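Reading through the structure tokens given below for one structure.
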Amino acid sequence: YQRRVHGGEVDPIRDLETIHSELVQKDLEFITTAMSKIERVAKTDKMKRGEYEFLERVRAHLAAGKQVRCGSWSAKEADILNPMQLLTAKSAVYLVNMSPDDYLRKKNKWLPKIKAWIDELSGEPMIPISTILEQQLLEMSEEEREAFYKEKQCASCIDKVVVAGYKALHLCHFFTAGSDEVKCWTIQVGTKAPQAAGRIHTDFEKGFICAETMKFEDLKECGSENEVKAAGKY
């Protein structure tokens with residue numbers, strides 16, 4: 001982590017605290033403004049009064065220095081929060097940028113301290129990464145990369161970052177395959193088949209009949225679509 005918020009010597013914990021407090025303050029200002037807009041009508045409107053009282057709880061939560069995503073909210077309360085797009089309501093994945101040497105030896109004096117800070121705040125994922133090394137790997141040929149991985153006993157962490165991002169955003173994906181191409185489609189976890197088909201084309205959702213699916217692991221194991229069908233895994 002090399003963001004120098006205060007200038008001078010690198011101190012990621014200090015910088016995390018600064019960013020954390022700025023995000024909380026911004027959300028606190030937003031909630032205060034939202035409350036002022038409904039305060040008058042909340043005195044006579046029962047629904048608005050309930051919303052106002054809920055926002056008071058959110059404001060108290062933020063005033064205590066806590067991020068919105070770390071609170072316990074009901075589904076109904078989440079429906080009030082979601083349209084607000086609060087900064088501290090968004091999921092986070094922490095990427096700790098390290099020098100290539102530190103990344104390869106899997107050691108840096110700040111890693112345990114950053115991990116402890118994140119665990120205390122939210123327990124969200126932390127991924128060590130070296131952006132310099134990742135750039136160097138991109139510039140290598142495939143053969144050079146494989147030789148480097150073998151020599152240094154390491155691997156790129158880009159795939160890990162992508163997977164962590166998908167999980168944090170509650171996303172998943174599926175593939176469509178034909179004789180000439182394979183395409184990947186991203187959907188929210190829990191999306192039903194007709195709506196997933198709609199990601200490909202709206203007509204597919206409107207005229208949806210059924211979905212024929214197979215697991216990639218089964219395709220890899222069996223070797224072909226016909227073999228997956230023959231094994232009863234289609």
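Identifiers in this document derive from the order of the structure tokens: chains are assigned A, B, ..., residues are numbered from 1 separately in each chain, and ligands are numbered from 1 in order of occurrence.
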
Name the residues in contact with Val96 of chain A at a cut-off of 8 Å, using only C-alpha atoms, excluding same-chain residues fewer than 4 positions from it; report them as an mmCIF file with N, CA and C atoms, in the first residue's frame.
```cif
data_model
loop_
_atom_site.group_PDB
_atom_site.id
_atom_site.type_symbol
_atom_site.label_atom_id
_atom_site.label_comp_id
_atom_site.auth_asym_id
_atom_site.auth_seq_id
_atom_site.Cartn_x
_atom_site.Cartn_y
_atom_site.Cartn_z
ATOM 1 N N TYR A 1 0.868 -1.188 0.000
ATOM 2 C CA TYR A 1 0.000 0.000 0.000
ATOM 3 C C TYR A 1 0.892 1.221 0.000
ATOM 4 N N LEU A 111 1.661 -6.143 6.297
ATOM 5 C CA LEU A 111 0.569 -7.079 6.006
ATOM 6 C C LEU A 111 -0.216 -7.516 7.245
ATOM 7 N N MET A 126 -8.656 -9.335 1.797
ATOM 8 C CA MET A 126 -7.437 -8.579 1.559
ATOM 9 C C MET A 126 -6.555 -9.406 0.635
ATOM 10 N N ILE A 127 -6.085 -8.797 -0.451
ATOM 11 C CA ILE A 127 -5.267 -9.522 -1.422
ATOM 12 C C ILE A 127 -3.956 -8.776 -1.648
ATOM 13 N N PRO A 128 -2.818 -9.371 -1.273
ATOM 14 C CA PRO A 128 -1.522 -8.768 -1.601
ATOM 15 C C PRO A 128 -1.305 -8.834 -3.115
ATOM 16 N N ILE A 129 -0.778 -7.776 -3.689
ATOM 17 C CA ILE A 129 -0.537 -7.713 -5.132
ATOM 18 C C ILE A 129 0.672 -6.840 -5.395
ATOM 19 N N SER A 130 1.374 -7.112 -6.471
ATOM 20 C CA SER A 130 2.438 -6.219 -6.923
ATOM 21 C C SER A 130 2.075 -5.777 -8.338
#
```

Non-local contacts of Met35 of chain A (12 Å; only C-alpha atoms; under 3 positions in same chain excluded) as a list in words: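 These residues fall inside the cut-off: Leu28, Glu29, Phe30, Ile31, Thr32, Ile38, Glu39, Arg40, Val41, Ala42, Lys48, Arg49, Gly50, Glu51, Tyr52, Glu53, Phe54, Leu55, Glu56, Arg57, Val58 and Arg59 of chain A.
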
Nearest to Leu62 of chain A, chosen from A:Asp102, A:Glu134, A:Asp27, A:Glu139, with only C-alpha atoms counted in the distances: A:Asp27

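Of the residues under consideration (A:Ser72, A:Thr88, A:Cys184, A:Glu225), A:Thr88 shows the shortest atom-to-atom contact distance to Lys26 of chain A when counting only C-alpha atoms.
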
Neighbours of Leu219 of chain A within 12 Å (only C-alpha atoms; same-chain residues fewer than 4 positions away dropped), as a VMD selection string? chain A and resid 177 213 to 215 223 to 234

Enumerate as a list of chain:residue names all residues of segment 104-135 of chain A assigned to helix (DSSP H, G or I) by DSSP on the backbone, naming them with the chain letters and numbers the document uses.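 Everything in segment 104-135 of chain A that counts as helix (DSSP H, G or I) is A:Leu104, A:Arg105, A:Leu111, A:Pro112, A:Lys113, A:Ile114, A:Lys115, A:Ala116, A:Trp117, A:Ile118, A:Asp119, A:Glu120, A:Leu121, A:Thr131, A:Ile132, A:Leu133, A:Glu134, A:Gln135.
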
Hey, can you spit out that residue selection with all heavy atoms as a compact mmCIF listing (two decimals), in the first residue's frame?
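Wrote it out as part-v5.txt, contents follow:
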```txt
# COMPACT_ATOMS: atom_id res chain seq x y z
N LEU A 104 7.10 -11.62 -3.93
CA LEU A 104 7.67 -12.93 -4.22
C LEU A 104 8.08 -13.67 -2.94
O LEU A 104 7.96 -14.89 -2.86
CB LEU A 104 8.88 -12.79 -5.16
CG LEU A 104 8.54 -12.36 -6.59
CD1 LEU A 104 9.81 -12.08 -7.39
CD2 LEU A 104 7.71 -13.43 -7.30
N ARG A 105 8.52 -12.92 -1.94
CA ARG A 105 8.89 -13.59 -0.69
C ARG A 105 7.72 -13.68 0.28
O ARG A 105 7.85 -14.20 1.39
CB ARG A 105 10.09 -12.90 -0.03
CG ARG A 105 9.85 -11.49 0.46
CD ARG A 105 11.15 -10.80 0.81
NE ARG A 105 10.93 -9.46 1.34
CZ ARG A 105 10.97 -9.14 2.62
NH1 ARG A 105 11.23 -10.07 3.51
NH2 ARG A 105 10.75 -7.91 3.01
N LEU A 111 1.66 -6.14 6.30
CA LEU A 111 0.57 -7.08 6.01
C LEU A 111 -0.22 -7.52 7.24
O LEU A 111 -1.46 -7.45 7.25
CB LEU A 111 1.10 -8.31 5.26
CG LEU A 111 1.40 -8.12 3.77
CD1 LEU A 111 1.96 -9.40 3.18
CD2 LEU A 111 0.16 -7.69 3.01
N PRO A 112 0.43 -7.97 8.32
CA PRO A 112 -0.34 -8.39 9.51
C PRO A 112 -1.14 -7.24 10.12
O PRO A 112 -2.27 -7.44 10.60
CB PRO A 112 0.74 -8.89 10.49
CG PRO A 112 1.93 -9.17 9.64
CD PRO A 112 1.88 -8.19 8.52
N LYS A 113 -0.57 -6.03 10.10
CA LYS A 113 -1.25 -4.88 10.68
C LYS A 113 -2.48 -4.48 9.85
O LYS A 113 -3.53 -4.15 10.39
CB LYS A 113 -0.28 -3.69 10.80
CG LYS A 113 0.90 -3.96 11.73
CD LYS A 113 1.89 -2.80 11.72
CE LYS A 113 3.10 -3.12 12.58
NZ LYS A 113 4.09 -2.02 12.57
N ILE A 114 -2.32 -4.52 8.52
CA ILE A 114 -3.45 -4.19 7.64
C ILE A 114 -4.55 -5.23 7.79
O ILE A 114 -5.73 -4.90 7.88
CB ILE A 114 -2.99 -4.09 6.17
CG1 ILE A 114 -2.01 -2.94 6.00
CG2 ILE A 114 -4.18 -3.92 5.24
CD1 ILE A 114 -1.35 -2.87 4.63
N LYS A 115 -4.15 -6.50 7.84
CA LYS A 115 -5.13 -7.59 7.99
C LYS A 115 -5.89 -7.43 9.30
O LYS A 115 -7.13 -7.59 9.34
CB LYS A 115 -4.41 -8.94 7.97
CG LYS A 115 -5.32 -10.17 8.07
CD LYS A 115 -6.17 -10.31 6.82
CE LYS A 115 -6.86 -11.66 6.74
NZ LYS A 115 -7.81 -11.93 7.79
N ALA A 116 -5.20 -7.10 10.38
CA ALA A 116 -5.86 -6.92 11.68
C ALA A 116 -6.83 -5.74 11.63
O ALA A 116 -7.94 -5.81 12.18
CB ALA A 116 -4.80 -6.69 12.77
N TRP A 117 -6.45 -4.66 10.95
CA TRP A 117 -7.32 -3.48 10.83
C TRP A 117 -8.59 -3.83 10.06
O TRP A 117 -9.70 -3.47 10.47
CB TRP A 117 -6.56 -2.35 10.14
CG TRP A 117 -7.31 -1.05 10.12
CD1 TRP A 117 -7.25 -0.05 11.06
CD2 TRP A 117 -8.24 -0.60 9.13
NE1 TRP A 117 -8.08 1.00 10.70
CE2 TRP A 117 -8.71 0.69 9.52
CE3 TRP A 117 -8.73 -1.16 7.94
CZ2 TRP A 117 -9.61 1.42 8.78
CZ3 TRP A 117 -9.65 -0.42 7.19
CH2 TRP A 117 -10.09 0.84 7.61
N ILE A 118 -8.44 -4.54 8.95
CA ILE A 118 -9.59 -4.92 8.13
C ILE A 118 -10.50 -5.88 8.89
O ILE A 118 -11.73 -5.75 8.87
CB ILE A 118 -9.13 -5.56 6.81
CG1 ILE A 118 -8.38 -4.54 5.96
CG2 ILE A 118 -10.32 -6.13 6.03
CD1 ILE A 118 -7.67 -5.14 4.76
N ASP A 119 -9.92 -6.84 9.58
CA ASP A 119 -10.71 -7.82 10.34
C ASP A 119 -11.53 -7.13 11.42
O ASP A 119 -12.68 -7.50 11.68
CB ASP A 119 -9.81 -8.88 10.97
CG ASP A 119 -9.31 -9.89 9.93
OD1 ASP A 119 -9.86 -9.91 8.82
OD2 ASP A 119 -8.36 -10.64 10.26
N GLU A 120 -10.94 -6.13 12.06
CA GLU A 120 -11.66 -5.41 13.11
C GLU A 120 -12.80 -4.58 12.52
O GLU A 120 -13.87 -4.46 13.12
CB GLU A 120 -10.70 -4.50 13.87
CG GLU A 120 -11.35 -3.79 15.05
CD GLU A 120 -10.38 -2.91 15.83
OE1 GLU A 120 -9.16 -3.00 15.57
OE2 GLU A 120 -10.85 -2.15 16.69
N LEU A 121 -12.58 -4.03 11.32
CA LEU A 121 -13.59 -3.19 10.70
C LEU A 121 -14.73 -4.00 10.09
O LEU A 121 -15.90 -3.77 10.37
CB LEU A 121 -12.96 -2.33 9.60
CG LEU A 121 -13.93 -1.45 8.81
CD1 LEU A 121 -14.39 -0.28 9.66
CD2 LEU A 121 -13.27 -0.94 7.52
N THR A 131 1.64 -4.55 -8.47
CA THR A 131 1.23 -4.07 -9.79
C THR A 131 2.42 -3.97 -10.74
O THR A 131 2.27 -4.16 -11.95
CB THR A 131 0.55 -2.69 -9.68
OG1 THR A 131 1.42 -1.78 -8.98
CG2 THR A 131 -0.77 -2.80 -8.92
N ILE A 132 3.59 -3.69 -10.20
CA ILE A 132 4.80 -3.65 -11.03
C ILE A 132 5.07 -5.03 -11.62
O ILE A 132 5.31 -5.19 -12.82
CB ILE A 132 6.01 -3.17 -10.22
CG1 ILE A 132 5.83 -1.71 -9.80
CG2 ILE A 132 7.31 -3.32 -11.03
CD1 ILE A 132 6.92 -1.18 -8.88
N LEU A 133 4.98 -6.05 -10.76
CA LEU A 133 5.23 -7.42 -11.22
C LEU A 133 4.16 -7.86 -12.22
O LEU A 133 4.47 -8.50 -13.23
CB LEU A 133 5.25 -8.38 -10.02
CG LEU A 133 5.49 -9.86 -10.36
CD1 LEU A 133 6.83 -10.04 -11.06
CD2 LEU A 133 5.44 -10.70 -9.09
N GLU A 134 2.90 -7.50 -11.95
CA GLU A 134 1.82 -7.87 -12.88
C GLU A 134 2.06 -7.26 -14.26
O GLU A 134 1.81 -7.91 -15.28
CB GLU A 134 0.46 -7.43 -12.33
CG GLU A 134 0.01 -8.13 -11.07
CD GLU A 134 -0.25 -9.63 -11.27
OE1 GLU A 134 -0.39 -10.07 -12.43
OE2 GLU A 134 -0.32 -10.34 -10.25
N GLN A 135 2.55 -6.02 -14.29
CA GLN A 135 2.85 -5.38 -15.58
C GLN A 135 3.99 -6.12 -16.28
O GLN A 135 3.94 -6.35 -17.50
CB GLN A 135 3.24 -3.92 -15.35
CG GLN A 135 3.55 -3.15 -16.63
CD GLN A 135 2.38 -3.08 -17.59
OE1 GLN A 135 1.25 -2.87 -17.17
NE2 GLN A 135 2.65 -3.26 -18.87
```

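The space between atom CA of Trp110 of chain A and atom CA of Pro12 of chain A spans 7.5 Å.
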
Considering only C-alpha atoms, return as a PyMOL selection string whatever protein or nucleic-acid residues lie within 12 Å of segment 201-210 of chain A, sequence-local ones (same chain, fewer than 6 positions apart) excluded. chain A and resi 185+192-195

As a list in words, which residues of segment 24-231 of chain A does DSSP assign to strand (DSSP E)?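 Residues of segment 24-231 of chain A classed as strand (DSSP E): Tyr94, Leu95, Val96, Asn97, Met126, Ile127, Pro128, Ile129, Leu171, Cys172, His173, Phe174, Phe175, Thr176, Ala177, Val182, Lys183, Cys184, Trp185, Thr186, Ile187 and Gln188 of chain A.
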
Which value, in Å to one decimal, gives the distance between atom CA of Ala92 of chain A and atom CA of Phe175 of chain A?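 Rounded to one decimal, the two atoms are 26.5 Å apart.
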
Tell me, as JSON, numbers by chain, which residues lie within 8 Å of Val189 of chain A, counting only C-alpha atoms; anything in the same chain fewer than 6 positions away does not count. {"A": [170, 171, 172]}

Just the number, please: distance in Å from atom CA of Gly71 of chain A to atom CA of Lys167 of chain A, one decimal.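 The value is 19.2 Å.
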